[in-house]
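Asks: Below is the file query09.cif, with mmCIF, C-alpha atoms.
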data_run
#
loop_
_atom_site.label_atom_id
_atom_site.label_comp_id
_atom_site.auth_asym_id
_atom_site.auth_seq_id
_atom_site.Cartn_x
_atom_site.Cartn_y
_atom_site.Cartn_z
CA MET A 1 -23.70 -41.90 -43.79
CA ARG A 2 -22.87 -44.84 -41.58
CA LEU A 3 -19.73 -45.34 -43.58
CA ASP A 4 -18.51 -41.93 -42.48
CA GLU A 5 -18.78 -42.96 -38.90
CA HIS A 6 -17.67 -46.53 -39.10
CA GLY A 7 -15.42 -46.74 -42.11
CA GLU A 8 -12.76 -45.94 -39.58
CA LEU A 9 -10.22 -48.35 -40.92
CA PRO A 10 -8.38 -46.37 -43.52
CA ARG A 11 -6.62 -48.68 -45.98
CA LEU A 12 -7.60 -51.66 -43.80
CA PRO A 13 -9.93 -54.50 -44.89
CA PHE A 14 -13.29 -53.50 -43.34
CA GLY A 15 -15.02 -52.11 -40.25
CA MET A 16 -16.89 -54.26 -37.73
CA LEU A 17 -19.86 -53.52 -35.53
CA ARG A 18 -22.67 -55.22 -33.68
CA GLY A 19 -25.62 -52.83 -33.87
CA TYR A 20 -27.15 -53.88 -37.19
CA VAL A 21 -28.51 -57.14 -35.79
CA GLY A 22 -32.27 -57.38 -36.25
CA THR A 23 -32.68 -53.99 -37.97
CA ASP A 24 -33.74 -52.99 -41.50
CA LEU A 25 -30.48 -51.11 -42.12
CA SER A 26 -28.67 -54.19 -43.41
CA ARG A 27 -31.71 -55.04 -45.57
CA VAL A 28 -31.62 -51.73 -47.48
CA ASN A 29 -27.83 -51.31 -47.57
CA PRO A 30 -26.15 -54.15 -49.49
CA GLN A 31 -22.75 -52.89 -48.31
CA VAL A 32 -23.53 -54.18 -44.82
CA LYS A 33 -22.42 -57.81 -44.66
CA SER A 34 -21.31 -60.08 -41.86
CA VAL A 35 -18.46 -62.31 -40.75
CA THR A 36 -18.22 -64.94 -38.07
CA CYS A 37 -15.77 -64.12 -35.31
CA PRO A 38 -13.08 -66.85 -35.51
CA TYR A 39 -12.63 -66.77 -31.73
CA THR A 40 -16.19 -66.69 -30.35
CA GLY A 41 -18.41 -67.69 -33.31
CA GLU A 42 -20.34 -64.45 -32.92
CA SER A 43 -21.85 -62.95 -36.08
CA ILE A 44 -20.38 -59.48 -36.64
CA ALA A 45 -21.71 -56.90 -39.11
CA THR A 46 -19.12 -55.43 -41.47
CA VAL A 47 -18.92 -52.25 -43.52
CA PRO A 48 -16.37 -51.66 -46.27
CA ALA A 49 -13.37 -49.43 -45.69
CA MET A 50 -13.69 -45.97 -47.17
CA ARG A 51 -11.17 -44.68 -49.69
CA PRO A 52 -12.20 -41.08 -50.45
CA ASP A 53 -10.43 -39.31 -53.31
CA LEU A 54 -10.29 -36.22 -51.17
CA THR A 55 -10.70 -35.22 -47.53
CA ILE A 56 -11.04 -31.58 -46.48
CA LEU A 57 -10.49 -30.65 -42.83
CA HIS A 58 -10.38 -27.46 -40.84
CA ALA A 59 -7.86 -27.42 -37.98
CA GLN A 60 -6.34 -24.98 -35.51
CA GLN A 61 -2.76 -24.60 -36.70
CA ALA A 62 -0.21 -25.53 -39.30
CA ASP A 63 3.49 -24.84 -39.19
CA ARG A 64 5.54 -23.75 -42.17
CA SER A 65 6.32 -27.36 -43.08
CA GLY A 66 2.61 -28.12 -43.38
CA ASN A 67 2.37 -30.19 -40.21
CA VAL A 68 -1.16 -29.76 -38.84
CA LEU A 69 -2.34 -29.75 -35.22
CA LEU A 70 -5.95 -30.76 -34.48
CA ARG A 71 -7.66 -30.53 -31.12
CA GLY A 72 -11.13 -30.55 -29.58
CA ILE A 73 -13.85 -32.98 -30.55
CA LEU A 74 -12.08 -35.05 -33.20
CA GLY A 75 -14.91 -37.21 -34.48
CA ALA A 76 -13.35 -39.30 -37.24
CA GLN A 77 -11.20 -36.53 -38.72
CA LYS A 78 -7.91 -38.36 -38.31
CA GLU A 79 -9.41 -41.46 -39.90
CA ALA A 80 -10.82 -39.37 -42.76
CA ALA A 81 -7.40 -37.80 -43.26
CA MET A 82 -5.58 -41.13 -43.28
CA ALA A 83 -8.08 -42.80 -45.60
CA ALA A 84 -7.96 -40.18 -48.36
CA ARG A 85 -5.80 -40.07 -51.47
CA GLU A 86 -5.52 -36.30 -51.19
CA LEU A 87 -5.84 -34.20 -48.04
CA ILE A 88 -6.58 -30.48 -47.98
CA VAL A 89 -6.47 -28.66 -44.65
CA THR A 90 -7.52 -25.12 -43.76
CA VAL A 91 -6.27 -23.71 -40.46
CA GLU A 92 -6.99 -20.80 -38.17
CA GLU A 93 -3.37 -19.71 -38.18
CA VAL A 94 0.09 -20.61 -39.37
CA VAL A 95 2.72 -20.68 -36.63
CA ASP A 96 6.47 -21.17 -36.46
CA ASP A 97 6.15 -24.01 -33.94
CA LEU A 98 3.04 -26.08 -33.14
CA HIS A 99 4.27 -26.73 -29.58
CA ALA A 100 2.24 -29.92 -29.81
CA PRO A 101 2.04 -32.06 -26.67
CA MET A 102 3.62 -35.47 -27.23
CA ASN A 103 0.36 -37.37 -27.86
CA ALA A 104 -1.46 -34.61 -29.67
CA VAL A 105 -3.13 -35.27 -33.01
CA VAL A 106 -0.58 -34.04 -35.55
CA LEU A 107 -0.96 -34.76 -39.25
CA PRO A 108 2.57 -34.70 -40.67
CA GLY A 109 3.10 -32.35 -43.59
CA TRP A 110 3.99 -35.19 -45.96
CA ILE A 111 0.43 -36.59 -45.85
CA VAL A 112 -1.09 -33.12 -46.40
CA THR A 113 -1.58 -32.28 -50.08
CA ALA A 114 -2.21 -28.61 -49.41
CA ALA A 115 -2.84 -26.34 -46.43
CA ALA A 116 -4.32 -22.85 -46.43
CA CYS A 117 -4.78 -20.27 -43.71
CA VAL A 118 -8.50 -19.46 -43.44
CA PRO A 119 -9.28 -17.72 -40.13
CA GLY A 120 -12.88 -18.28 -39.11
CA GLY A 121 -12.96 -21.25 -41.48
CA ALA A 122 -15.15 -23.33 -39.20
CA TYR A 123 -17.96 -20.75 -39.03
CA PRO A 124 -20.89 -21.20 -38.33
CA SER A 125 -19.40 -24.09 -36.39
CA TYR A 126 -16.50 -23.41 -34.05
CA ALA A 127 -12.77 -23.90 -33.71
CA GLN A 128 -11.85 -25.09 -30.24
CA ASP A 129 -9.94 -22.35 -28.36
CA TYR A 130 -10.51 -19.80 -31.15
CA TYR A 131 -14.21 -18.96 -31.23
CA ALA A 132 -17.54 -20.45 -30.22
CA ARG A 133 -20.15 -22.02 -32.42
CA ASP A 134 -22.93 -19.69 -33.59
CA ASN A 135 -25.84 -21.67 -32.16
CA ALA A 136 -28.34 -18.97 -33.13
CA PHE A 137 -27.25 -19.42 -36.75
CA TYR A 138 -27.90 -23.16 -36.53
CA VAL A 139 -31.40 -22.53 -35.21
CA ALA A 140 -32.03 -19.96 -37.97
CA TRP A 141 -30.69 -22.39 -40.57
CA ASP A 142 -33.60 -24.76 -39.96
CA GLU A 143 -35.88 -22.10 -41.44
CA ILE A 144 -33.52 -21.03 -44.23
CA SER A 145 -33.02 -24.60 -45.45
CA ARG A 146 -36.66 -25.66 -45.17
CA GLU A 147 -37.72 -24.06 -48.42
CA ARG A 148 -35.77 -24.39 -51.68
CA ASN A 149 -36.14 -20.81 -52.95
CA ARG A 150 -35.17 -19.27 -49.67
CA PHE A 151 -32.18 -21.63 -49.47
CA ARG A 152 -31.09 -20.64 -52.99
CA ARG A 153 -31.41 -16.92 -52.26
CA TRP A 154 -29.32 -17.36 -49.14
CA MET A 155 -26.66 -19.33 -51.01
CA ASP A 156 -26.53 -16.76 -53.83
CA GLU A 157 -26.14 -13.87 -51.45
CA HIS A 158 -23.73 -15.36 -48.92
CA VAL A 159 -21.78 -18.14 -50.65
CA LEU A 160 -21.91 -18.00 -54.44
CA GLY A 161 -21.90 -14.21 -54.52
CA VAL A 162 -18.79 -13.64 -52.38
CA ARG A 163 -15.18 -14.17 -53.36
CA THR A 164 -13.48 -14.76 -50.01
CA HIS A 165 -14.25 -16.36 -46.68
CA ALA A 166 -13.67 -13.00 -45.01
CA ALA A 167 -16.39 -11.50 -47.22
CA PHE A 168 -18.69 -14.38 -46.27
CA LEU A 169 -18.11 -13.60 -42.58
CA ARG A 170 -18.54 -9.85 -43.12
CA GLY A 171 -21.75 -10.45 -45.04
CA LEU A 172 -23.18 -12.27 -42.07
CA GLY A 173 -22.03 -9.55 -39.70
CA VAL A 174 -19.93 -11.89 -37.57
CA ALA A 175 -16.41 -10.94 -38.65
CA SER A 176 -14.38 -9.31 -35.95
CA THR A 177 -12.13 -6.54 -37.19
CA ARG A 178 -9.88 -7.00 -34.18
CA PRO A 179 -6.83 -9.21 -34.33
CA PRO A 180 -7.36 -12.52 -32.49
CA ALA A 181 -8.18 -11.72 -28.88
CA GLU A 182 -6.28 -12.96 -25.87
CA GLY A 183 -8.69 -15.84 -25.50
CA ALA A 184 -7.59 -17.05 -28.91
CA GLU A 185 -4.04 -17.56 -27.79
CA VAL A 186 -2.99 -21.15 -27.99
CA PRO A 187 -2.44 -22.89 -24.66
CA ARG A 188 0.98 -24.41 -24.42
CA MET B 1 -57.04 -26.85 -12.74
CA THR B 2 -54.03 -26.56 -15.04
CA PRO B 3 -50.93 -28.04 -13.44
CA ALA B 4 -48.04 -25.71 -12.77
CA TRP B 5 -45.78 -27.64 -15.12
CA THR B 6 -45.82 -28.75 -18.75
CA PRO B 7 -46.02 -32.37 -19.97
CA ASP B 8 -42.42 -32.00 -21.23
CA GLU B 9 -41.28 -30.95 -17.77
CA MET B 10 -43.07 -33.91 -16.16
CA LEU B 11 -41.46 -36.25 -18.70
CA THR B 12 -38.00 -34.80 -18.09
CA VAL B 13 -38.36 -35.02 -14.31
CA ALA B 14 -39.69 -38.60 -14.42
CA ALA B 15 -36.83 -39.65 -16.72
CA ALA B 16 -34.20 -37.93 -14.57
CA ARG B 17 -35.40 -39.80 -11.48
CA LEU B 18 -34.59 -43.15 -13.12
CA LEU B 19 -30.88 -42.29 -13.25
CA TRP B 20 -28.73 -42.86 -10.20
CA ASP B 21 -25.62 -41.27 -8.73
CA GLY B 22 -22.52 -42.82 -10.27
CA CYS B 23 -24.46 -44.19 -13.25
CA VAL B 24 -22.53 -44.15 -16.55
CA CYS B 25 -25.05 -42.75 -19.00
CA PHE B 26 -24.65 -42.51 -22.79
CA VAL B 27 -26.82 -39.52 -23.64
CA GLY B 28 -28.80 -38.61 -26.74
CA ILE B 29 -29.48 -34.96 -27.64
CA GLY B 30 -32.83 -33.39 -26.74
CA LEU B 31 -35.06 -34.72 -23.98
CA PRO B 32 -32.55 -37.40 -22.82
CA SER B 33 -29.86 -34.74 -22.48
CA ALA B 34 -32.17 -32.45 -20.51
CA ALA B 35 -33.16 -35.31 -18.18
CA ALA B 36 -29.59 -36.53 -17.65
CA ASN B 37 -28.38 -33.03 -16.79
CA LEU B 38 -31.35 -32.47 -14.49
CA ALA B 39 -30.35 -35.67 -12.67
CA ARG B 40 -26.77 -34.37 -12.40
CA HIS B 41 -28.00 -31.11 -10.88
CA THR B 42 -30.35 -32.85 -8.40
CA HIS B 43 -29.95 -36.34 -6.93
CA ALA B 44 -27.08 -37.66 -9.08
CA PRO B 45 -24.13 -35.23 -8.94
CA GLY B 46 -21.71 -38.08 -9.64
CA ILE B 47 -23.43 -39.29 -12.81
CA VAL B 48 -20.99 -39.84 -15.70
CA LEU B 49 -22.35 -38.42 -18.95
CA ILE B 50 -20.96 -39.62 -22.27
CA TYR B 51 -22.02 -38.06 -25.58
CA GLU B 52 -21.40 -39.77 -28.88
CA SER B 53 -18.89 -37.13 -29.99
CA GLY B 54 -16.40 -38.66 -27.55
CA THR B 55 -16.88 -36.42 -24.55
CA VAL B 56 -16.55 -38.61 -21.46
CA GLY B 57 -17.63 -37.38 -18.03
CA THR B 58 -18.84 -34.07 -19.38
CA ARG B 59 -20.56 -31.50 -17.14
CA PRO B 60 -22.07 -28.94 -19.52
CA ARG B 61 -23.26 -25.68 -17.95
CA VAL B 62 -25.91 -25.37 -20.66
CA LEU B 63 -27.65 -28.05 -22.72
CA PRO B 64 -25.86 -28.88 -25.97
CA LEU B 65 -27.54 -28.14 -29.28
CA SER B 66 -25.78 -31.14 -30.79
CA ILE B 67 -23.27 -33.80 -29.73
CA GLY B 68 -20.46 -31.73 -31.23
CA ASP B 69 -20.85 -28.71 -28.93
CA GLY B 70 -17.62 -27.21 -27.64
CA GLU B 71 -19.30 -26.92 -24.24
CA LEU B 72 -19.25 -30.72 -23.97
CA ALA B 73 -15.53 -30.82 -24.73
CA ASP B 74 -14.63 -27.91 -22.44
CA THR B 75 -16.23 -29.59 -19.42
CA ALA B 76 -15.28 -33.24 -20.10
CA THR B 77 -12.91 -35.46 -18.16
CA ALA B 78 -11.64 -36.84 -21.47
CA VAL B 79 -12.32 -36.17 -25.14
CA VAL B 80 -11.72 -39.26 -27.24
CA PRO B 81 -12.11 -39.97 -30.97
CA LEU B 82 -15.37 -41.30 -32.34
CA PRO B 83 -14.08 -44.81 -33.20
CA GLU B 84 -12.80 -45.12 -29.63
CA ILE B 85 -16.21 -44.25 -28.18
CA PHE B 86 -17.80 -47.09 -30.10
CA ALA B 87 -14.99 -49.59 -29.58
CA TYR B 88 -13.54 -49.12 -26.11
CA TRP B 89 -16.45 -47.53 -24.30
CA LEU B 90 -19.64 -48.96 -25.83
CA GLN B 91 -18.44 -52.37 -27.02
CA GLY B 92 -16.16 -52.46 -24.01
CA GLY B 93 -19.26 -52.63 -21.82
CA ARG B 94 -18.52 -49.41 -19.94
CA VAL B 95 -22.02 -47.93 -20.28
CA ASP B 96 -24.78 -48.58 -17.72
CA VAL B 97 -27.61 -46.74 -19.46
CA GLY B 98 -28.12 -45.78 -23.09
CA PHE B 99 -30.57 -42.89 -23.00
CA LEU B 100 -32.29 -42.35 -26.34
CA GLY B 101 -35.24 -40.89 -28.20
CA ALA B 102 -36.80 -41.93 -31.54
CA ALA B 103 -39.55 -40.95 -33.96
CA GLN B 104 -41.45 -44.26 -33.74
CA ILE B 105 -41.58 -47.16 -31.30
CA ASP B 106 -43.43 -50.46 -31.47
CA ARG B 107 -44.75 -52.71 -28.71
CA PHE B 108 -41.38 -54.46 -28.37
CA ALA B 109 -39.51 -51.14 -28.11
CA ASN B 110 -37.91 -51.44 -31.53
CA LEU B 111 -37.20 -47.93 -32.87
CA ASN B 112 -37.44 -45.99 -36.12
CA SER B 113 -35.30 -42.90 -36.62
CA THR B 114 -34.81 -43.31 -40.38
CA VAL B 115 -37.93 -42.64 -42.50
CA ILE B 116 -41.69 -42.16 -42.26
CA GLY B 117 -43.36 -44.03 -45.11
CA ASP B 118 -41.72 -46.47 -47.50
CA TYR B 119 -37.91 -46.48 -47.37
CA SER B 120 -37.46 -46.01 -51.13
CA ARG B 121 -40.13 -43.26 -51.35
CA PRO B 122 -40.34 -41.78 -47.85
CA ARG B 123 -42.90 -39.17 -46.87
CA THR B 124 -40.39 -37.82 -44.37
CA ARG B 125 -36.71 -38.54 -44.16
CA LEU B 126 -35.56 -38.37 -40.55
CA PRO B 127 -32.05 -37.59 -39.32
CA GLY B 128 -31.14 -41.28 -39.12
CA ALA B 129 -30.22 -43.60 -36.29
CA GLY B 130 -26.70 -42.27 -35.76
CA GLY B 131 -25.10 -44.31 -33.01
CA ALA B 132 -28.40 -45.55 -31.56
CA PRO B 133 -28.16 -49.13 -32.96
CA GLU B 134 -24.75 -49.60 -31.32
CA ILE B 135 -25.80 -47.88 -28.11
CA ALA B 136 -28.97 -49.97 -27.79
CA THR B 137 -27.04 -53.18 -28.45
CA ASN B 138 -24.15 -52.56 -26.09
CA ALA B 139 -25.40 -50.50 -23.13
CA ARG B 140 -26.33 -52.62 -20.09
CA GLN B 141 -29.84 -51.23 -20.37
CA VAL B 142 -31.67 -48.60 -22.39
CA PHE B 143 -34.09 -45.88 -21.32
CA LEU B 144 -36.22 -44.27 -24.01
CA VAL B 145 -38.06 -40.95 -24.01
CA LEU B 146 -40.81 -40.19 -26.53
CA LYS B 147 -43.97 -38.15 -26.61
CA GLN B 148 -46.86 -40.57 -26.65
CA ASN B 149 -49.35 -40.43 -29.52
CA PRO B 150 -50.57 -42.92 -32.13
CA ARG B 151 -48.17 -41.55 -34.78
CA ALA B 152 -45.16 -42.31 -32.58
CA PHE B 153 -46.42 -45.44 -30.78
CA VAL B 154 -47.21 -47.56 -33.81
CA ASP B 155 -48.43 -51.09 -34.47
CA ARG B 156 -45.79 -51.50 -37.20
CA LEU B 157 -42.64 -49.43 -37.61
CA ASP B 158 -42.14 -47.92 -41.06
CA PHE B 159 -38.49 -48.92 -40.68
CA CYS B 160 -36.53 -50.62 -37.88
CA SER B 161 -33.38 -48.57 -37.23
CA THR B 162 -32.62 -49.81 -33.74
CA ALA B 163 -33.44 -53.16 -32.17
CA GLY B 164 -35.36 -53.30 -28.92
CA PHE B 165 -36.74 -56.75 -28.10
CA LEU B 166 -37.26 -57.60 -31.81
CA GLU B 167 -40.28 -59.98 -31.83
CA GLY B 168 -40.24 -60.38 -28.04
CA ARG B 169 -40.13 -63.56 -25.93
CA GLY B 170 -36.34 -63.73 -25.94
CA GLY B 171 -35.86 -62.60 -29.54
CA ARG B 172 -33.35 -60.00 -28.51
CA ALA B 173 -31.24 -62.40 -26.47
CA ARG B 174 -31.27 -64.92 -29.34
CA SER B 175 -30.00 -62.23 -31.71
CA GLY B 176 -26.82 -62.00 -29.67
CA ALA B 177 -27.43 -58.47 -28.37
CA ARG B 178 -25.39 -58.00 -25.23
CA GLY B 179 -27.28 -55.50 -23.09
CA ALA B 180 -30.67 -56.10 -21.46
CA GLY B 181 -32.39 -53.71 -23.90
CA PRO B 182 -35.05 -51.07 -23.23
CA GLN B 183 -36.08 -51.26 -19.58
CA ALA B 184 -38.18 -48.09 -19.43
CA VAL B 185 -40.04 -45.88 -21.89
CA ILE B 186 -40.78 -42.50 -20.34
CA THR B 187 -43.47 -40.52 -22.17
CA ASP B 188 -45.33 -37.28 -21.55
CA LEU B 189 -48.21 -39.35 -20.12
CA GLY B 190 -46.55 -42.09 -18.07
CA VAL B 191 -44.01 -44.90 -17.97
CA LEU B 192 -43.97 -48.22 -19.86
CA ARG B 193 -41.78 -51.22 -19.07
CA PRO B 194 -41.36 -54.59 -20.78
CA ALA B 195 -43.41 -57.47 -19.36
CA PRO B 196 -41.00 -60.09 -17.96
CA ASP B 197 -42.24 -62.98 -20.11
CA THR B 198 -43.35 -61.51 -23.45
CA GLU B 199 -41.09 -58.44 -23.35
CA GLU B 200 -44.06 -56.45 -24.67
CA LEU B 201 -44.26 -52.94 -23.27
CA GLN B 202 -46.92 -52.42 -20.63
CA LEU B 203 -48.08 -49.36 -18.76
CA VAL B 204 -46.66 -49.36 -15.23
CA ALA B 205 -47.15 -45.73 -14.17
CA HIS B 206 -49.02 -42.60 -15.16
CA TYR B 207 -48.77 -38.95 -14.19
CA GLU B 208 -51.25 -37.04 -12.07
CA GLY B 209 -54.18 -35.79 -14.12
CA VAL B 210 -53.60 -38.37 -16.86
CA SER B 211 -56.00 -41.32 -17.09
CA ILE B 212 -55.03 -44.85 -18.08
CA ASP B 213 -57.66 -44.69 -20.82
CA GLN B 214 -56.03 -41.56 -22.23
CA ILE B 215 -52.68 -43.40 -22.45
CA VAL B 216 -54.29 -46.41 -24.14
CA GLN B 217 -55.91 -44.04 -26.66
CA ALA B 218 -52.52 -42.42 -27.34
CA THR B 219 -51.01 -45.80 -28.30
CA GLY B 220 -51.24 -47.26 -31.81
CA TRP B 221 -51.52 -50.82 -30.57
CA ALA B 222 -53.67 -52.45 -27.87
CA LEU B 223 -51.53 -51.33 -24.94
CA ARG B 224 -51.32 -53.78 -22.07
CA VAL B 225 -51.72 -52.34 -18.61
CA ALA B 226 -49.81 -53.84 -15.67
CA ASP B 227 -51.82 -55.35 -12.80
CA SER B 228 -50.85 -52.46 -10.60
CA VAL B 229 -50.20 -49.01 -12.07
CA ASP B 230 -48.35 -46.42 -10.02
CA VAL B 231 -48.87 -42.69 -10.03
CA VAL B 232 -45.64 -40.77 -10.57
CA ALA B 233 -45.11 -38.06 -7.96
CA PRO B 234 -45.40 -34.59 -9.53
CA PRO B 235 -42.25 -32.48 -9.97
CA THR B 236 -40.94 -30.93 -6.79
CA ASP B 237 -40.37 -27.19 -6.61
CA ALA B 238 -36.63 -27.82 -6.64
CA GLU B 239 -36.79 -30.05 -9.73
CA LEU B 240 -38.84 -27.48 -11.62
CA ARG B 241 -36.64 -24.57 -10.59
CA ILE B 242 -33.41 -26.35 -11.57
CA LEU B 243 -34.84 -27.55 -14.89
CA ARG B 244 -36.19 -24.11 -15.79
CA ASP B 245 -32.89 -22.48 -14.82
CA LEU B 246 -31.08 -24.95 -17.06
CA HIS B 247 -33.34 -24.14 -20.01
CA ALA B 248 -33.06 -20.39 -19.36
CA ARG B 249 -29.23 -20.58 -19.24
CA THR B 250 -29.29 -22.61 -22.44
CA ARG B 251 -31.49 -20.11 -24.28
CA ALA B 252 -29.30 -17.22 -23.16
CA ALA B 253 -26.10 -18.98 -24.22
CA HIS B 254 -27.47 -20.06 -27.59
CA GLY B 255 -28.66 -16.54 -28.35
CA ARG B 256 -25.29 -14.94 -27.58
CA PRO B 257 -23.74 -13.31 -30.67
CA VAL B 258 -20.53 -14.88 -31.94
CA ARG B 259 -17.63 -12.87 -33.36
CA VAL B 260 -15.13 -14.63 -35.57
CA PRO B 261 -11.59 -13.27 -36.00
CA TYR B 262 -10.19 -13.10 -39.51
#
How does this structure look as structure tokens?
Replies:
Amino acid sequence: MRLDEHGELPRLPFGMLRGYVGTDLSRVNPQVKSVTCPYTGESIATVPAMRPDLTILHAQQADRSGNVLLRGILGAQKEAAMAARELIVTVEEVVDDLHAPMNAVVLPGWIVTAAACVPGGAYPSYAQDYYARDNAFYVAWDEISRERNRFRRWMDEHVLGVRTHAAFLRGLGVASTRPPAEGAEVPR
Amino acid sequence: MTPAWTPDEMLTVAAARLLWDGCVCFVGIGLPSAAANLARHTHAPGIVLIYESGTVGTRPRVLPLSIGDGELADTATAVVPLPEIFAYWLQGGRVDVGFLGAAQIDRFANLNSTVIGDYSRPRTRLPGAGGAPEIATNARQVFLVLKQNPRAFVDRLDFCSTAGFLEGRGGRARSGARGAGPQAVITDLGVLRPAPDTEELQLVAHYEGVSIDQIVQATGWALRVADSVDVVAPPTDAELRILRDLHARTRAAHGRPVRVPY
């Protein structure tokens, strides 16, 4: 899991960090090694670069050329996109023009393997400027996921037993039948 | 007589009081987040809160359920990518206080957030350290909040996820860690701080209605007690009201139904 956070150097040699010093993490994870800083002599922990076969992201918008606009809390999504061999993106909506501010996070269409329009695709999490996270669902999920049989029943009913994301949302009673409300309009 | 506040409330208030106006605080979810936001709503309106998701200078109206909450982004001065938070802000030495919790702590304030039991066959697998090892290494100082009992305050950690003072007596400094390390452990019984020479945690303050003996009994090692132990002032009416309002707003917001367009 650390690699997800710190393998932030797509197609670069390795990631560097300081926090492993003195802990058991480097003892149980042979991927954590160290180098000596050539400038200060400091010992720096290293983690290998990640090279996932596939990265899947959900974003706000794509245009008809497959360029993708991401905004909100980014985490390491851009790094995950750039590191992968193949990149699949689902978006809230497809638009004629992203109207992206100059320094916005835009993934050009030519690095995107495929994009699909999946409104509500972040649920039960949220899509910034589209809809809020369902915090009550997250709290309820603690109980659902605690016990294997209950988890399986839930998965059968809501995930494996439905054919579309819209049906998944309807099954949970959270799908709005309205078109995207005014609040969902994209700020320019 | 039963006090008019809970041990959690006393802990949160005592932790909040350690933060100062203008302090740049890297906040963990849960009790640290409640304390940091209480400080912001009381004596430290200019406190700068940073959450690991990259929200810098955030002023959430309700407490976040996780670091990824949209509320943190909506109310932030800047929202930066995760690698930037660790590189420019933490390693860059921009953080005054790393404010963290953990499942286990030892006498030198080393922390376990990884497993209970043996690593290869754990009895309980915990969420993991997340950014805590980096935060604890790089922040100028670290404050810790934990509920005090012998299962959490242990003689030996099951696993060391995050370095405190390592083996004490300068071990941390020799390891090359940059910040000063854990300078306060705020519990539901009192406050511990590292002794200047050994860096072993010692009891420096307790709450009203809590005895020193009770705190020693709640510790899984022979807890040292400072020569003079203070009594922490109980929560003020204002502190309690603001904290309870914050929790009530949070519960209301987290219970609000969400509708997703499709």
Asks: Find the distance between CA of Ala109 in chain B and CA of Gly54 in chain B and write it in Å to one decimal.
Replies: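 Spanning CA of Ala109 in chain B to CA of Gly54 in chain B is a straight-line distance of 26.3 Å.
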Asks: Run the PyMOL selection byres ((chain B and resi 154-171) around 8) against the file shown and list the residues it catches, as a PyMOL selection string.
Replies: (chain A and resi 19-25) or (chain B and resi 104-119+128-129+132-133+136-137+150-153+172-175+181-182+197-200+219-221)
Asks: Next, dump the selected residues to file, keeping only C-alpha atoms, as a compact mmCIF listing (two decimals), keeping the file's coordinate frame.
Replies:
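The resulting again15.txt:
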# COMPACT_ATOMS: atom_id res chain seq x y z
CA GLY A 19 -25.62 -52.83 -33.87
CA TYR A 20 -27.15 -53.88 -37.19
CA VAL A 21 -28.51 -57.14 -35.79
CA GLY A 22 -32.27 -57.38 -36.25
CA THR A 23 -32.68 -53.99 -37.97
CA ASP A 24 -33.74 -52.99 -41.50
CA LEU A 25 -30.48 -51.11 -42.12
CA GLN B 104 -41.45 -44.26 -33.74
CA ILE B 105 -41.58 -47.16 -31.30
CA ASP B 106 -43.43 -50.46 -31.47
CA ARG B 107 -44.75 -52.71 -28.71
CA PHE B 108 -41.38 -54.46 -28.37
CA ALA B 109 -39.51 -51.14 -28.11
CA ASN B 110 -37.91 -51.44 -31.53
CA LEU B 111 -37.20 -47.93 -32.87
CA ASN B 112 -37.44 -45.99 -36.12
CA SER B 113 -35.30 -42.90 -36.62
CA THR B 114 -34.81 -43.31 -40.38
CA VAL B 115 -37.93 -42.64 -42.50
CA ILE B 116 -41.69 -42.16 -42.26
CA GLY B 117 -43.36 -44.03 -45.11
CA ASP B 118 -41.72 -46.47 -47.50
CA TYR B 119 -37.91 -46.48 -47.37
CA GLY B 128 -31.14 -41.28 -39.12
CA ALA B 129 -30.22 -43.60 -36.29
CA ALA B 132 -28.40 -45.55 -31.56
CA PRO B 133 -28.16 -49.13 -32.96
CA ALA B 136 -28.97 -49.97 -27.79
CA THR B 137 -27.04 -53.18 -28.45
CA PRO B 150 -50.57 -42.92 -32.13
CA ARG B 151 -48.17 -41.55 -34.78
CA ALA B 152 -45.16 -42.31 -32.58
CA PHE B 153 -46.42 -45.44 -30.78
CA ARG B 172 -33.35 -60.00 -28.51
CA ALA B 173 -31.24 -62.40 -26.47
CA ARG B 174 -31.27 -64.92 -29.34
CA SER B 175 -30.00 -62.23 -31.71
CA GLY B 181 -32.39 -53.71 -23.90
CA PRO B 182 -35.05 -51.07 -23.23
CA ASP B 197 -42.24 -62.98 -20.11
CA THR B 198 -43.35 -61.51 -23.45
CA GLU B 199 -41.09 -58.44 -23.35
CA GLU B 200 -44.06 -56.45 -24.67
CA THR B 219 -51.01 -45.80 -28.30
CA GLY B 220 -51.24 -47.26 -31.81
CA TRP B 221 -51.52 -50.82 -30.57
Asks: For Ile85 in chain B, which of A:Gly75, A:Gly173, A:Pro13, A:Pro52 is the closest residue, counting only C-alpha atoms?
Replies: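 The closest residue to Ile85 in chain B is A:Gly75.
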Asks: Distance limit 8 Å, atoms considered: only C-alpha atoms. Which chain B residues sit that close to chain A? Return them as an MDAnalysis selection string.
Replies: chainID B and resid 53:55 65 68:70 73 79:83 130 133:138 159:163 166 175:177 254:262
Asks: Determine the residue membership of the PyMOL selection byres ((chain A and resi 154) around 12) for the file above and supply it as number ranges by chain.
Replies: A: 140-141, 143-153, 155-162, 168, 171-172
Asks: Quick one, how far is CA of Gly28 in chain B from CA of Ala252 in chain B?
Replies: 21.7 Å
Asks: Could you give me, as number ranges by chain, the residues that sit within 12 Å of (-25.9, -41.0, -5.8) in the file's coordinates, counting all atoms listed in the file?
Replies: B: 17-24, 39-48
Asks: For this file, the PyMOL selection byres ((chain A and resi 35) around 8) selects which residues, as a list in words?
Replies: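 Applying the PyMOL selection byres ((chain A and resi 35) around 8) to the structure shown produces Lys33, Ser34, Thr36, Cys37, Ser43, Ile44, Ala45 and Thr46 of chain A.
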